[in-house]
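S.K.: First the structure, then my questions, so here it is.
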Amino acid sequence: MSRVYNFSAGPAALPEEVLREAAAEMLDYAGTGMSVMEMSHRSKTYDKIIKDAEQDLRDLMGIPDNYKVLFLQGGAHLQFAMVPMNFMKHGVADYIVTGNWAKRAWKEASKYGKANCVASSEDKNFNYIPDCSDLPISEDADYVYICQNNTIYGTQFHILPDTKGKTLVADVSSCFLAEPIDVEKYGMIYGGVQKNIGPAGVVIAIIREDLITEEVWPGTPTMLQYKTHADKDSLYNTPPAYGIYICGKVFQWLKNIGGLEVMKERNEKKAALLYDFLDKSRLFTPTVTDKASRSWMNVDFVTGEKALDAEFVKAAEEAGLSGLKGHRSVGGMRASLYNAVSIEAVEALVKFMKDFEETHQR
């Protein structure tokens with residue numbers, strides 16, 4: 001069977017070059033006579049894999065020396081608890097709620113202290129990013145939290161909120177490595193890798209060192225303390241070894257194509273191609289009409305008729321355009337245009353949409 005064009009929101013498309021390399025090394029990695037899946041995480045071979053992966057990520061993002069890079073487990077959902085457990089040192093944090101995941105993080109944080117919702121876009125089903133230029137930031141807030149790209153609703157922070165000097169924590173799961181960012185504007189960046197970097201099972205956290213202390217919420221388990229993992233270079237326990245190995249290959253792929261500036265250009269071009277068609281379409285409508293709020297990674301759209309949406313998704317799947325069904329919170333369709341999704345895939349999608357529109361004119 002030939003490969004499909006994969007627009008899934010996650011787990012999502014990986015670069016074919018990476019998959020081929022991994023396949024070639026499956027039975028014998030670097031002359032060891034075994035797969036990376038089989039080798040000890042304490043071996044010299046694996047130690048080089050994880051250290052090279054960290055260094056390549058540091059190179060790509062320009063991560064300063066005073067930030068730790070941690071390879072963790074538990075998905076982004078576990079970070080909803082780990083963040084307040086480790087950072088709510090005065091028991092207060094401010095949350096900007098722009099989607100389902102930010103809302104879950106906010107509710108989880110309320111278990112460990114006072115979690116304030118200082119801005120929200122829930123009044124319009126999260127289809128825009130609120131004005132965050134002058135927020136009522138709490139004087140005693142330990143941090144301000146955002147989900148930078150909203151996978152479900154197709155919105156994205158293109159301008160970071162003014163936190164009035166408070167530490168910014170960002171969940172970047174669905175926009176990780178999609179463009180260059182200034183790491184020093186954040187106290188912590190984290191994300192599950194299954195959308196834009198690697199297979200499910202790995203979370204990468206980038207944390208400023210002064211935030212990593214032994215002062216945590218009382219009763220925090222050892223495994224949920226960032227210091228536990230920082231002190232042991234992500235090897236306190238057996239890490240998600242194979243997933244990290246694949247992430248490392250994706251980092252190398254990104255470096256080989258020219259880095260995050262090149263990736264940004266590609267992602268802008270893909271998103272513009274699809275949004276330009278949607279804005280002119282007679283059949284399809286983008287759900288995010290505020291252009292300043294639109295995500296480059298996740299593009300939501302509808303026909304206005306549930307039956308027609310379902311017909312489109314079924315026909316697209318049969319044509320080799322996979323993963324286009326929208327999330328139940330929005331309905332319709334969603335095309336995720338992550339780094340490994342080619343411009344050819346987006347061109348194929350737009351052509352299919354044009355043809356579908358021609359045969360289903362109202």
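Scheme for the structure tokens: letters A, B, ... for chains in order shown; per-chain residue numbers from 1; ligand numbers from 1 in order shown.
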Tell me which protein, DNA and RNA residues are within 8 Å of Ala335 in chain A, counting only C-alpha atoms, leaving out same-chain ones fewer than 3 positions away, and put them as an MDAnalysis selection string.
M.R.: chainID A and resid 7:9 298:300 323:324
S.K.: Since we have the selection now, will you write its residues out, keeping all heavy atoms, as a PDB file, in the first residue's frame?
M.R.:
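Writing the result to again_18.pdb gives the following:
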ATOM      1  N   PHE A   7      -2.957  14.020   7.605  1.00  0.00           N
ATOM      2  CA  PHE A   7      -3.285  15.304   8.223  1.00  0.00           C
ATOM      3  C   PHE A   7      -3.768  15.131   9.665  1.00  0.00           C
ATOM      4  O   PHE A   7      -4.411  16.021  10.221  1.00  0.00           O
ATOM      5  CB  PHE A   7      -4.354  16.024   7.401  1.00  0.00           C
ATOM      6  CG  PHE A   7      -3.906  16.406   6.021  1.00  0.00           C
ATOM      7  CD1 PHE A   7      -4.205  15.601   4.925  1.00  0.00           C
ATOM      8  CD2 PHE A   7      -3.166  17.559   5.804  1.00  0.00           C
ATOM      9  CE1 PHE A   7      -3.792  15.942   3.638  1.00  0.00           C
ATOM     10  CE2 PHE A   7      -2.742  17.920   4.525  1.00  0.00           C
ATOM     11  CZ  PHE A   7      -3.059  17.104   3.442  1.00  0.00           C
ATOM     12  N   SER A   8      -3.447  14.003  10.272  1.00  0.00           N
ATOM     13  CA  SER A   8      -3.898  13.718  11.635  1.00  0.00           C
ATOM     14  C   SER A   8      -3.337  14.724  12.633  1.00  0.00           C
ATOM     15  O   SER A   8      -2.202  15.197  12.508  1.00  0.00           O
ATOM     16  CB  SER A   8      -3.460  12.312  12.036  1.00  0.00           C
ATOM     17  OG  SER A   8      -3.731  12.068  13.399  1.00  0.00           O
ATOM     18  N   ALA A   9      -4.140  15.014  13.662  1.00  0.00           N
ATOM     19  CA  ALA A   9      -3.733  15.980  14.688  1.00  0.00           C
ATOM     20  C   ALA A   9      -2.767  15.385  15.693  1.00  0.00           C
ATOM     21  O   ALA A   9      -2.171  16.108  16.493  1.00  0.00           O
ATOM     22  CB  ALA A   9      -4.961  16.521  15.407  1.00  0.00           C
ATOM     23  N   ASN A 298      -2.877  23.870  12.686  1.00  0.00           N
ATOM     24  CA  ASN A 298      -4.172  23.186  12.669  1.00  0.00           C
ATOM     25  C   ASN A 298      -5.221  24.098  12.053  1.00  0.00           C
ATOM     26  O   ASN A 298      -5.505  25.170  12.599  1.00  0.00           O
ATOM     27  CB  ASN A 298      -4.600  22.784  14.075  1.00  0.00           C
ATOM     28  CG  ASN A 298      -3.509  22.061  14.834  1.00  0.00           C
ATOM     29  OD1 ASN A 298      -2.818  22.667  15.646  1.00  0.00           O
ATOM     30  ND2 ASN A 298      -3.327  20.787  14.580  1.00  0.00           N
ATOM     31  N   VAL A 299      -5.781  23.691  10.924  1.00  0.00           N
ATOM     32  CA  VAL A 299      -6.737  24.514  10.184  1.00  0.00           C
ATOM     33  C   VAL A 299      -8.099  23.827  10.228  1.00  0.00           C
ATOM     34  O   VAL A 299      -8.278  22.742   9.677  1.00  0.00           O
ATOM     35  CB  VAL A 299      -6.287  24.715   8.725  1.00  0.00           C
ATOM     36  CG1 VAL A 299      -7.284  25.603   7.990  1.00  0.00           C
ATOM     37  CG2 VAL A 299      -4.881  25.309   8.683  1.00  0.00           C
ATOM     38  N   ASP A 300      -9.061  24.460  10.895  1.00  0.00           N
ATOM     39  CA  ASP A 300     -10.414  23.918  11.019  1.00  0.00           C
ATOM     40  C   ASP A 300     -11.329  24.556   9.977  1.00  0.00           C
ATOM     41  O   ASP A 300     -11.265  25.764   9.740  1.00  0.00           O
ATOM     42  CB  ASP A 300     -10.981  24.216  12.403  1.00  0.00           C
ATOM     43  CG  ASP A 300     -10.291  23.418  13.502  1.00  0.00           C
ATOM     44  OD1 ASP A 300      -9.199  22.897  13.258  1.00  0.00           O
ATOM     45  OD2 ASP A 300     -10.843  23.331  14.610  1.00  0.00           O
ATOM     46  N   GLY A 323      -7.052  11.517   8.082  1.00  0.00           N
ATOM     47  CA  GLY A 323      -7.024  12.247   9.350  1.00  0.00           C
ATOM     48  C   GLY A 323      -7.688  13.603   9.338  1.00  0.00           C
ATOM     49  O   GLY A 323      -7.356  14.471  10.155  1.00  0.00           O
ATOM     50  N   LEU A 324      -8.668  13.821   8.455  1.00  0.00           N
ATOM     51  CA  LEU A 324      -9.260  15.148   8.294  1.00  0.00           C
ATOM     52  C   LEU A 324     -10.528  15.386   9.119  1.00  0.00           C
ATOM     53  O   LEU A 324     -11.052  16.502   9.131  1.00  0.00           O
ATOM     54  CB  LEU A 324      -9.572  15.403   6.820  1.00  0.00           C
ATOM     55  CG  LEU A 324      -8.351  15.673   5.933  1.00  0.00           C
ATOM     56  CD1 LEU A 324      -8.720  15.584   4.462  1.00  0.00           C
ATOM     57  CD2 LEU A 324      -7.749  17.041   6.260  1.00  0.00           C
TER      58      LEU A 324
END
S.K.: If DSSP is run on the backbone, what residues of range 118-311 of chain A are helix (DSSP H, G or I)? A reply as a VMD selection string would be ideal.
M.R.: chain A and resid 122 to 124 183 to 185 209 to 211 222 to 224 226 to 231 241 to 257 260 to 280 291 to 293 306 to 311
S.K.: Which is closest to Ile343 in chain A among A:Glu268, A:Ser281, A:Ser173, A:Lys103, if we use only C-alpha atoms?
M.R.: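 Closest residue, counting only C-alpha atoms: A:Glu268.
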S.K.: Quick one: of A:Ala319, A:Leu60, A:Leu337, A:Ala76, who's nearest to Gly258 in chain A, counting only C-alpha atoms?
M.R.: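 Among A:Ala319, A:Leu60, A:Leu337, A:Ala76, it is A:Leu60 that comes nearest to Gly258 in chain A.
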S.K.: Pull the strand (DSSP E or B) assignments for range 135-172 of chain A out of DSSP run on the backbone, and list those residues as JSON, numbers by chain.
M.R.: {"A": [144, 145, 146, 147, 149, 150, 155, 156, 168, 169, 170, 171]}
S.K.: Hey, what's within 10 Å of range 228-236 of chain A if we count only C-alpha atoms and toss same-chain stuff fewer than 2 positions away? As a list in words, please?
M.R.: His41, Arg42, Asp47, Ile50, Lys51, Glu54, Lys68, Val69, Leu70, Phe71, Leu72, Ile207, Glu209, Ile212, Thr213, Glu214, Pro221, Thr222, Met223, Leu224, Gln225, Tyr226, Thr238, Pro239, Pro240 and Ala241 of chain A
S.K.: Take the residues from that selection and put them in a file with N, CA and C atoms, as a PDB file, in the first residue's frame.
M.R.:
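Saved file part-v7.pdb follows:
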ATOM      1  N   HIS A  41      19.530   1.624  28.675  1.00  0.00           N
ATOM      2  CA  HIS A  41      19.620   3.088  28.680  1.00  0.00           C
ATOM      3  C   HIS A  41      20.860   3.562  29.424  1.00  0.00           C
ATOM      4  N   ARG A  42      21.580   2.638  30.074  1.00  0.00           N
ATOM      5  CA  ARG A  42      22.832   2.966  30.769  1.00  0.00           C
ATOM      6  C   ARG A  42      24.056   2.695  29.899  1.00  0.00           C
ATOM      7  N   ASP A  47      23.754   6.428  25.755  1.00  0.00           N
ATOM      8  CA  ASP A  47      24.134   7.704  26.355  1.00  0.00           C
ATOM      9  C   ASP A  47      24.471   8.728  25.268  1.00  0.00           C
ATOM     10  N   ILE A  50      21.051   9.982  23.550  1.00  0.00           N
ATOM     11  CA  ILE A  50      20.264  10.982  24.278  1.00  0.00           C
ATOM     12  C   ILE A  50      21.018  12.303  24.406  1.00  0.00           C
ATOM     13  N   LYS A  51      22.330  12.235  24.558  1.00  0.00           N
ATOM     14  CA  LYS A  51      23.115  13.479  24.656  1.00  0.00           C
ATOM     15  C   LYS A  51      23.149  14.216  23.326  1.00  0.00           C
ATOM     16  N   GLU A  54      19.777  15.939  22.814  1.00  0.00           N
ATOM     17  CA  GLU A  54      19.671  17.185  23.578  1.00  0.00           C
ATOM     18  C   GLU A  54      20.479  18.299  22.927  1.00  0.00           C
ATOM     19  N   LYS A  68      17.518  23.813  31.521  1.00  0.00           N
ATOM     20  CA  LYS A  68      17.631  22.365  31.456  1.00  0.00           C
ATOM     21  C   LYS A  68      16.692  21.821  30.386  1.00  0.00           C
ATOM     22  N   VAL A  69      17.135  20.789  29.687  1.00  0.00           N
ATOM     23  CA  VAL A  69      16.300  20.060  28.740  1.00  0.00           C
ATOM     24  C   VAL A  69      16.011  18.691  29.341  1.00  0.00           C
ATOM     25  N   LEU A  70      14.729  18.389  29.544  1.00  0.00           N
ATOM     26  CA  LEU A  70      14.337  17.133  30.159  1.00  0.00           C
ATOM     27  C   LEU A  70      13.472  16.321  29.196  1.00  0.00           C
ATOM     28  N   PHE A  71      13.780  15.030  29.090  1.00  0.00           N
ATOM     29  CA  PHE A  71      12.949  14.096  28.332  1.00  0.00           C
ATOM     30  C   PHE A  71      12.128  13.306  29.349  1.00  0.00           C
ATOM     31  N   LEU A  72      10.812  13.525  29.336  1.00  0.00           N
ATOM     32  CA  LEU A  72       9.929  12.984  30.358  1.00  0.00           C
ATOM     33  C   LEU A  72       8.865  12.078  29.740  1.00  0.00           C
ATOM     34  N   ILE A 207      13.371  24.094  30.910  1.00  0.00           N
ATOM     35  CA  ILE A 207      13.066  24.837  32.135  1.00  0.00           C
ATOM     36  C   ILE A 207      14.275  25.657  32.588  1.00  0.00           C
ATOM     37  N   GLU A 209      16.830  27.097  34.999  1.00  0.00           N
ATOM     38  CA  GLU A 209      17.365  26.372  36.147  1.00  0.00           C
ATOM     39  C   GLU A 209      16.919  26.919  37.502  1.00  0.00           C
ATOM     40  N   ILE A 212      13.931  25.268  39.116  1.00  0.00           N
ATOM     41  CA  ILE A 212      14.008  23.864  39.521  1.00  0.00           C
ATOM     42  C   ILE A 212      14.604  23.787  40.925  1.00  0.00           C
ATOM     43  N   THR A 213      13.750  23.599  41.902  1.00  0.00           N
ATOM     44  CA  THR A 213      14.206  23.562  43.295  1.00  0.00           C
ATOM     45  C   THR A 213      13.556  22.395  44.028  1.00  0.00           C
ATOM     46  N   GLU A 214      13.981  22.205  45.271  1.00  0.00           N
ATOM     47  CA  GLU A 214      13.381  21.176  46.118  1.00  0.00           C
ATOM     48  C   GLU A 214      12.100  21.667  46.784  1.00  0.00           C
ATOM     49  N   PRO A 221       5.218  13.373  44.576  1.00  0.00           N
ATOM     50  CA  PRO A 221       6.034  12.167  44.402  1.00  0.00           C
ATOM     51  C   PRO A 221       7.395  12.480  43.794  1.00  0.00           C
ATOM     52  N   THR A 222       8.360  11.663  44.113  1.00  0.00           N
ATOM     53  CA  THR A 222       9.722  11.868  43.611  1.00  0.00           C
ATOM     54  C   THR A 222       9.752  11.988  42.097  1.00  0.00           C
ATOM     55  N   MET A 223       8.988  11.136  41.417  1.00  0.00           N
ATOM     56  CA  MET A 223       9.000  11.127  39.952  1.00  0.00           C
ATOM     57  C   MET A 223       8.327  12.352  39.345  1.00  0.00           C
ATOM     58  N   LEU A 224       7.589  13.112  40.129  1.00  0.00           N
ATOM     59  CA  LEU A 224       6.903  14.302  39.613  1.00  0.00           C
ATOM     60  C   LEU A 224       7.626  15.585  39.981  1.00  0.00           C
ATOM     61  N   GLN A 225       8.850  15.463  40.460  1.00  0.00           N
ATOM     62  CA  GLN A 225       9.667  16.637  40.765  1.00  0.00           C
ATOM     63  C   GLN A 225      10.677  16.839  39.632  1.00  0.00           C
ATOM     64  N   TYR A 226      10.677  18.037  39.063  1.00  0.00           N
ATOM     65  CA  TYR A 226      11.607  18.313  37.969  1.00  0.00           C
ATOM     66  C   TYR A 226      13.056  18.120  38.393  1.00  0.00           C
ATOM     67  N   THR A 238      14.285   4.472  33.704  1.00  0.00           N
ATOM     68  CA  THR A 238      14.342   4.146  32.278  1.00  0.00           C
ATOM     69  C   THR A 238      13.492   5.141  31.497  1.00  0.00           C
ATOM     70  N   PRO A 239      14.094   5.900  30.604  1.00  0.00           N
ATOM     71  CA  PRO A 239      13.325   6.889  29.834  1.00  0.00           C
ATOM     72  C   PRO A 239      12.607   6.210  28.664  1.00  0.00           C
ATOM     73  N   PRO A 240      11.737   6.931  27.956  1.00  0.00           N
ATOM     74  CA  PRO A 240      11.140   6.401  26.726  1.00  0.00           C
ATOM     75  C   PRO A 240      12.205   6.373  25.631  1.00  0.00           C
ATOM     76  N   ALA A 241      13.086   5.367  25.725  1.00  0.00           N
ATOM     77  CA  ALA A 241      14.344   5.362  24.983  1.00  0.00           C
ATOM     78  C   ALA A 241      14.171   5.437  23.471  1.00  0.00           C
TER      79      ALA A 241
END
S.K.: Under the rule of at most 12 Å, produce a per-residue listing of range 83-109 of chain A near range 160-163 of chain A: chain, number, name, the closest pair of atoms, and the distance in Å, as CSV, using only C-alpha atoms.
M.R.:
residue,atom,partner,partner_atom,distance
A:Ala93,CA,A:Thr163,CA,11.3
A:Asp94,CA,A:Thr163,CA,9.3
A:Tyr95,CA,A:Thr163,CA,10.6
A:Ile96,CA,A:Pro161,CA,9.0
S.K.: I'd like the contact shell of Ser120 in chain A - 12 Å cut-off, only C-alpha atoms, skipping same-chain residues fewer than 3 positions apart - returned as a count of residues only.
M.R.: 25
S.K.: Please provide the set of residues having any atom within 12 Å of Lys351 in chain A, restricted to only C-alpha atoms, with same-chain residues fewer than 2 positions apart removed, written as an MDAnalysis selection string.
M.R.: chainID A and resid 273:274 277:278 316 319 321 344:349 353:358
S.K.: Create the file for the chosen residues now, containing all heavy atoms and written as a tab-separated table (two decimals), in the first residue's frame.
M.R.:
chain	number	residue	atom	x	y	z
A	273	LEU	N	-1.56	28.64	1.71
A	273	LEU	CA	-2.18	27.95	0.58
A	273	LEU	C	-3.59	27.49	0.95
A	273	LEU	O	-4.55	27.69	0.19
A	273	LEU	CB	-1.32	26.76	0.18
A	273	LEU	CG	-1.80	25.92	-1.00
A	273	LEU	CD1	-1.86	26.75	-2.28
A	273	LEU	CD2	-0.88	24.71	-1.20
A	274	LEU	N	-3.74	26.90	2.13
A	274	LEU	CA	-5.04	26.38	2.53
A	274	LEU	C	-5.99	27.50	2.95
A	274	LEU	O	-7.16	27.50	2.54
A	274	LEU	CB	-4.86	25.37	3.67
A	274	LEU	CG	-6.13	24.66	4.17
A	274	LEU	CD1	-6.94	24.07	3.02
A	274	LEU	CD2	-5.77	23.59	5.19
A	277	PHE	N	-7.42	29.46	-0.02
A	277	PHE	CA	-8.53	28.76	-0.67
A	277	PHE	C	-9.81	28.87	0.16
A	277	PHE	O	-10.89	29.16	-0.37
A	277	PHE	CB	-8.19	27.29	-0.91
A	277	PHE	CG	-9.38	26.47	-1.32
A	277	PHE	CD1	-9.92	26.60	-2.60
A	277	PHE	CD2	-10.01	25.62	-0.42
A	277	PHE	CE1	-11.04	25.88	-2.98
A	277	PHE	CE2	-11.12	24.90	-0.78
A	277	PHE	CZ	-11.65	25.03	-2.07
A	278	LEU	N	-9.69	28.64	1.46
A	278	LEU	CA	-10.87	28.67	2.33
A	278	LEU	C	-11.55	30.03	2.33
A	278	LEU	O	-12.78	30.13	2.34
A	278	LEU	CB	-10.47	28.28	3.77
A	278	LEU	CG	-10.14	26.80	3.99
A	278	LEU	CD1	-9.54	26.61	5.38
A	278	LEU	CD2	-11.39	25.94	3.83
A	316	ALA	N	-12.42	11.97	1.12
A	316	ALA	CA	-11.01	12.33	1.23
A	316	ALA	C	-10.17	11.13	1.67
A	316	ALA	O	-9.08	10.88	1.13
A	316	ALA	CB	-10.85	13.48	2.22
A	319	ALA	N	-9.50	8.90	-1.05
A	319	ALA	CA	-8.56	9.49	-2.01
A	319	ALA	C	-7.15	9.58	-1.44
A	319	ALA	O	-6.26	10.15	-2.09
A	319	ALA	CB	-9.05	10.88	-2.42
A	321	LEU	N	-6.28	11.02	1.54
A	321	LEU	CA	-6.10	12.20	2.38
A	321	LEU	C	-6.66	11.85	3.76
A	321	LEU	O	-7.86	11.92	4.00
A	321	LEU	CB	-6.85	13.40	1.79
A	321	LEU	CG	-6.44	13.78	0.35
A	321	LEU	CD1	-7.44	14.76	-0.24
A	321	LEU	CD2	-5.04	14.35	0.32
A	344	GLU	N	3.35	19.37	-1.04
A	344	GLU	CA	2.63	18.56	-2.01
A	344	GLU	C	1.35	17.99	-1.41
A	344	GLU	O	0.32	17.89	-2.08
A	344	GLU	CB	3.51	17.42	-2.51
A	344	GLU	CG	4.67	17.85	-3.39
A	344	GLU	CD	5.85	18.41	-2.60
A	344	GLU	OE1	5.91	18.20	-1.36
A	344	GLU	OE2	6.71	19.06	-3.23
A	345	ALA	N	1.40	17.64	-0.12
A	345	ALA	CA	0.21	17.13	0.56
A	345	ALA	C	-0.87	18.20	0.63
A	345	ALA	O	-2.05	17.93	0.41
A	345	ALA	CB	0.58	16.65	1.96
A	346	VAL	N	-0.47	19.43	0.94
A	346	VAL	CA	-1.44	20.51	1.04
A	346	VAL	C	-1.99	20.86	-0.34
A	346	VAL	O	-3.19	21.15	-0.50
A	346	VAL	CB	-0.81	21.75	1.72
A	346	VAL	CG1	-1.85	22.86	1.89
A	346	VAL	CG2	-0.23	21.37	3.08
A	347	GLU	N	-1.15	20.84	-1.34
A	347	GLU	CA	-1.62	21.09	-2.70
A	347	GLU	C	-2.64	20.02	-3.12
A	347	GLU	O	-3.66	20.34	-3.75
A	347	GLU	CB	-0.43	21.08	-3.66
A	347	GLU	CG	0.46	22.30	-3.52
A	347	GLU	CD	1.76	22.20	-4.31
A	347	GLU	OE1	2.12	21.07	-4.72
A	347	GLU	OE2	2.42	23.23	-4.51
A	348	ALA	N	-2.37	18.79	-2.75
A	348	ALA	CA	-3.31	17.70	-3.07
A	348	ALA	C	-4.64	17.90	-2.35
A	348	ALA	O	-5.72	17.65	-2.91
A	348	ALA	CB	-2.70	16.35	-2.70
A	349	LEU	N	-4.58	18.35	-1.10
A	349	LEU	CA	-5.80	18.61	-0.33
A	349	LEU	C	-6.61	19.72	-0.97
A	349	LEU	O	-7.83	19.60	-1.16
A	349	LEU	CB	-5.44	18.97	1.11
A	349	LEU	CG	-6.61	19.44	1.98
A	349	LEU	CD1	-7.69	18.37	2.09
A	349	LEU	CD2	-6.10	19.84	3.38
A	353	MET	N	-10.37	19.56	-2.52
A	353	MET	CA	-11.43	20.42	-2.03
A	353	MET	C	-12.08	21.21	-3.17
A	353	MET	O	-13.30	21.38	-3.22
A	353	MET	CB	-10.88	21.37	-0.96
A	353	MET	CG	-10.46	20.66	0.32
A	353	MET	SD	-9.60	21.73	1.50
A	353	MET	CE	-10.97	22.74	2.08
A	354	LYS	N	-11.26	21.66	-4.11
A	354	LYS	CA	-11.80	22.38	-5.27
A	354	LYS	C	-12.71	21.48	-6.09
A	354	LYS	O	-13.81	21.88	-6.51
A	354	LYS	CB	-10.66	22.91	-6.14
A	354	LYS	CG	-9.91	24.10	-5.55
A	354	LYS	CD	-8.77	24.53	-6.47
A	354	LYS	CE	-8.05	25.74	-5.90
A	354	LYS	NZ	-6.90	26.15	-6.76
A	355	ASP	N	-12.24	20.26	-6.31
A	355	ASP	CA	-13.05	19.31	-7.09
A	355	ASP	C	-14.34	18.97	-6.35
A	355	ASP	O	-15.41	18.87	-6.98
A	355	ASP	CB	-12.24	18.03	-7.34
A	355	ASP	CG	-11.06	18.26	-8.27
A	355	ASP	OD1	-11.04	19.29	-8.97
A	355	ASP	OD2	-10.15	17.40	-8.30
A	356	PHE	N	-14.25	18.77	-5.05
A	356	PHE	CA	-15.43	18.46	-4.25
A	356	PHE	C	-16.42	19.63	-4.29
A	356	PHE	O	-17.64	19.43	-4.40
A	356	PHE	CB	-15.01	18.17	-2.80
A	356	PHE	CG	-16.10	17.62	-1.93
A	356	PHE	CD1	-16.30	16.25	-1.85
A	356	PHE	CD2	-16.93	18.46	-1.18
A	356	PHE	CE1	-17.31	15.72	-1.04
A	356	PHE	CE2	-17.94	17.95	-0.38
A	356	PHE	CZ	-18.13	16.57	-0.32
A	357	GLU	N	-15.89	20.83	-4.24
A	357	GLU	CA	-16.74	22.01	-4.29
A	357	GLU	C	-17.49	22.11	-5.62
A	357	GLU	O	-18.69	22.44	-5.66
A	357	GLU	CB	-15.89	23.27	-4.08
A	357	GLU	CG	-16.66	24.57	-4.08
A	357	GLU	CD	-15.76	25.75	-3.78
A	357	GLU	OE1	-15.06	26.24	-4.69
A	357	GLU	OE2	-15.74	26.19	-2.61
A	358	GLU	N	-16.82	21.79	-6.70
A	358	GLU	CA	-17.42	21.86	-8.02
A	358	GLU	C	-18.61	20.90	-8.17
A	358	GLU	O	-19.57	21.19	-8.88
A	358	GLU	CB	-16.38	21.56	-9.11
A	358	GLU	CG	-15.36	22.68	-9.31
A	358	GLU	CD	-16.02	23.99	-9.72
A	358	GLU	OE1	-16.91	23.96	-10.57
A	358	GLU	OE2	-15.62	25.03	-9.15
S.K.: Rank A:Ile152, A:Ser329, A:Arg334, A:Gly165 by their smallest atom-to-atom distance to Val313 in chain A, using only C-alpha atoms, and report the top residue only.
M.R.: A:Arg334
S.K.: Would you mind reading off the distance between CA of Lys325 in chain A and CA of Trp253 in chain A, one decimal, in Å?
M.R.: 28.7 Å
S.K.: One number please: CA of Val202 in chain A to CA of Gly243 in chain A, in Å, one decimal.
M.R.: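 Between CA of Val202 in chain A and CA of Gly243 in chain A the gap works out to 6.3 Å.
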S.K.: Using only C-alpha atoms for the distances, tell me which of A:Lys249, A:Lys227, A:Lys264, A:Lys314 is nearest to Met82 in chain A.
M.R.: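 Counting only C-alpha atoms, the residue closest to Met82 in chain A is A:Lys227.
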S.K.: Env of Asp182 in chain A: 8 Å cut, atoms = only C-alpha atoms, seq-sep filter 3 positions within chain, self excluded. Answer as a ChimeraX atom specification.
M.R.: /A:61-62,185-186
S.K.: Those residues with N, CA, C and O atoms, as a short mmCIF file (atom, residue, chain, number, x, y, z; two decimals), in the first residue's frame please?
M.R.:
data_model
loop_
_atom_site.label_atom_id
_atom_site.label_comp_id
_atom_site.auth_asym_id
_atom_site.auth_seq_id
_atom_site.Cartn_x
_atom_site.Cartn_y
_atom_site.Cartn_z
N MET A 61 17.10 25.43 18.75
CA MET A 61 16.31 26.45 19.43
C MET A 61 17.15 27.56 20.05
O MET A 61 16.59 28.55 20.54
N GLY A 62 18.45 27.39 20.05
CA GLY A 62 19.30 28.38 20.71
C GLY A 62 19.04 28.42 22.21
O GLY A 62 18.93 29.50 22.81
N LYS A 185 12.24 34.21 26.74
CA LYS A 185 10.98 34.85 27.09
C LYS A 185 10.10 33.95 27.96
O LYS A 185 9.07 34.39 28.45
N TYR A 186 10.53 32.71 28.13
CA TYR A 186 9.76 31.74 28.89
C TYR A 186 10.55 31.27 30.11
O TYR A 186 11.78 31.18 30.07
#
S.K.: Taking 6 positions as the minimum chain separation for residues in the same chain, which residues sit within 9 Å of Asp140 in chain A when counting only C-alpha atoms? Answer as a list in words.
M.R.: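 In the requested form, the answer reads His90, Gly91, Val92 and Ala93 of chain A.
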S.K.: Deliver the residues from the most recent selection as a file, using N, CA, C and O atoms, as a tab-separated table (two decimals), in the first residue's frame.
M.R.:
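Once everything was written out, this is out.tsv:
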chain	number	residue	atom	x	y	z
A	90	HIS	N	4.07	30.08	45.93
A	90	HIS	CA	3.27	30.97	46.77
A	90	HIS	C	1.78	30.65	46.67
A	90	HIS	O	0.94	31.39	47.18
A	91	GLY	N	1.47	29.58	45.95
A	91	GLY	CA	0.09	29.12	45.89
A	91	GLY	C	-0.82	29.86	44.94
A	91	GLY	O	-2.04	29.73	45.03
A	92	VAL	N	-0.25	30.64	44.00
A	92	VAL	CA	-1.07	31.42	43.08
A	92	VAL	C	-0.49	31.33	41.66
A	92	VAL	O	0.73	31.41	41.48
A	93	ALA	N	-1.35	31.18	40.68
A	93	ALA	CA	-0.93	31.20	39.28
A	93	ALA	C	-2.05	31.73	38.41
A	93	ALA	O	-3.23	31.58	38.75
S.K.: Quick one: of A:Phe312, A:Phe284, A:Tyr242, A:Tyr153, who's nearest to Arg328 in chain A, counting only C-alpha atoms?
M.R.: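 Looking only at the distances to Arg328 in chain A, the closest residue turns out to be A:Tyr153.
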S.K.: Looking at only C-alpha atoms, which of A:Ile49, A:Leu57, A:Val18, A:Ala13 is the one that sits closest to Ile204 in chain A?
M.R.: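 Ranked by minimum distance to Ile204 in chain A, first place goes to A:Leu57.
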S.K.: I'd like the interatomic distance between CA of Thr155 in chain A and CA of Tyr190 in chain A, to a tenth of an Å.
M.R.: 18.0 Å
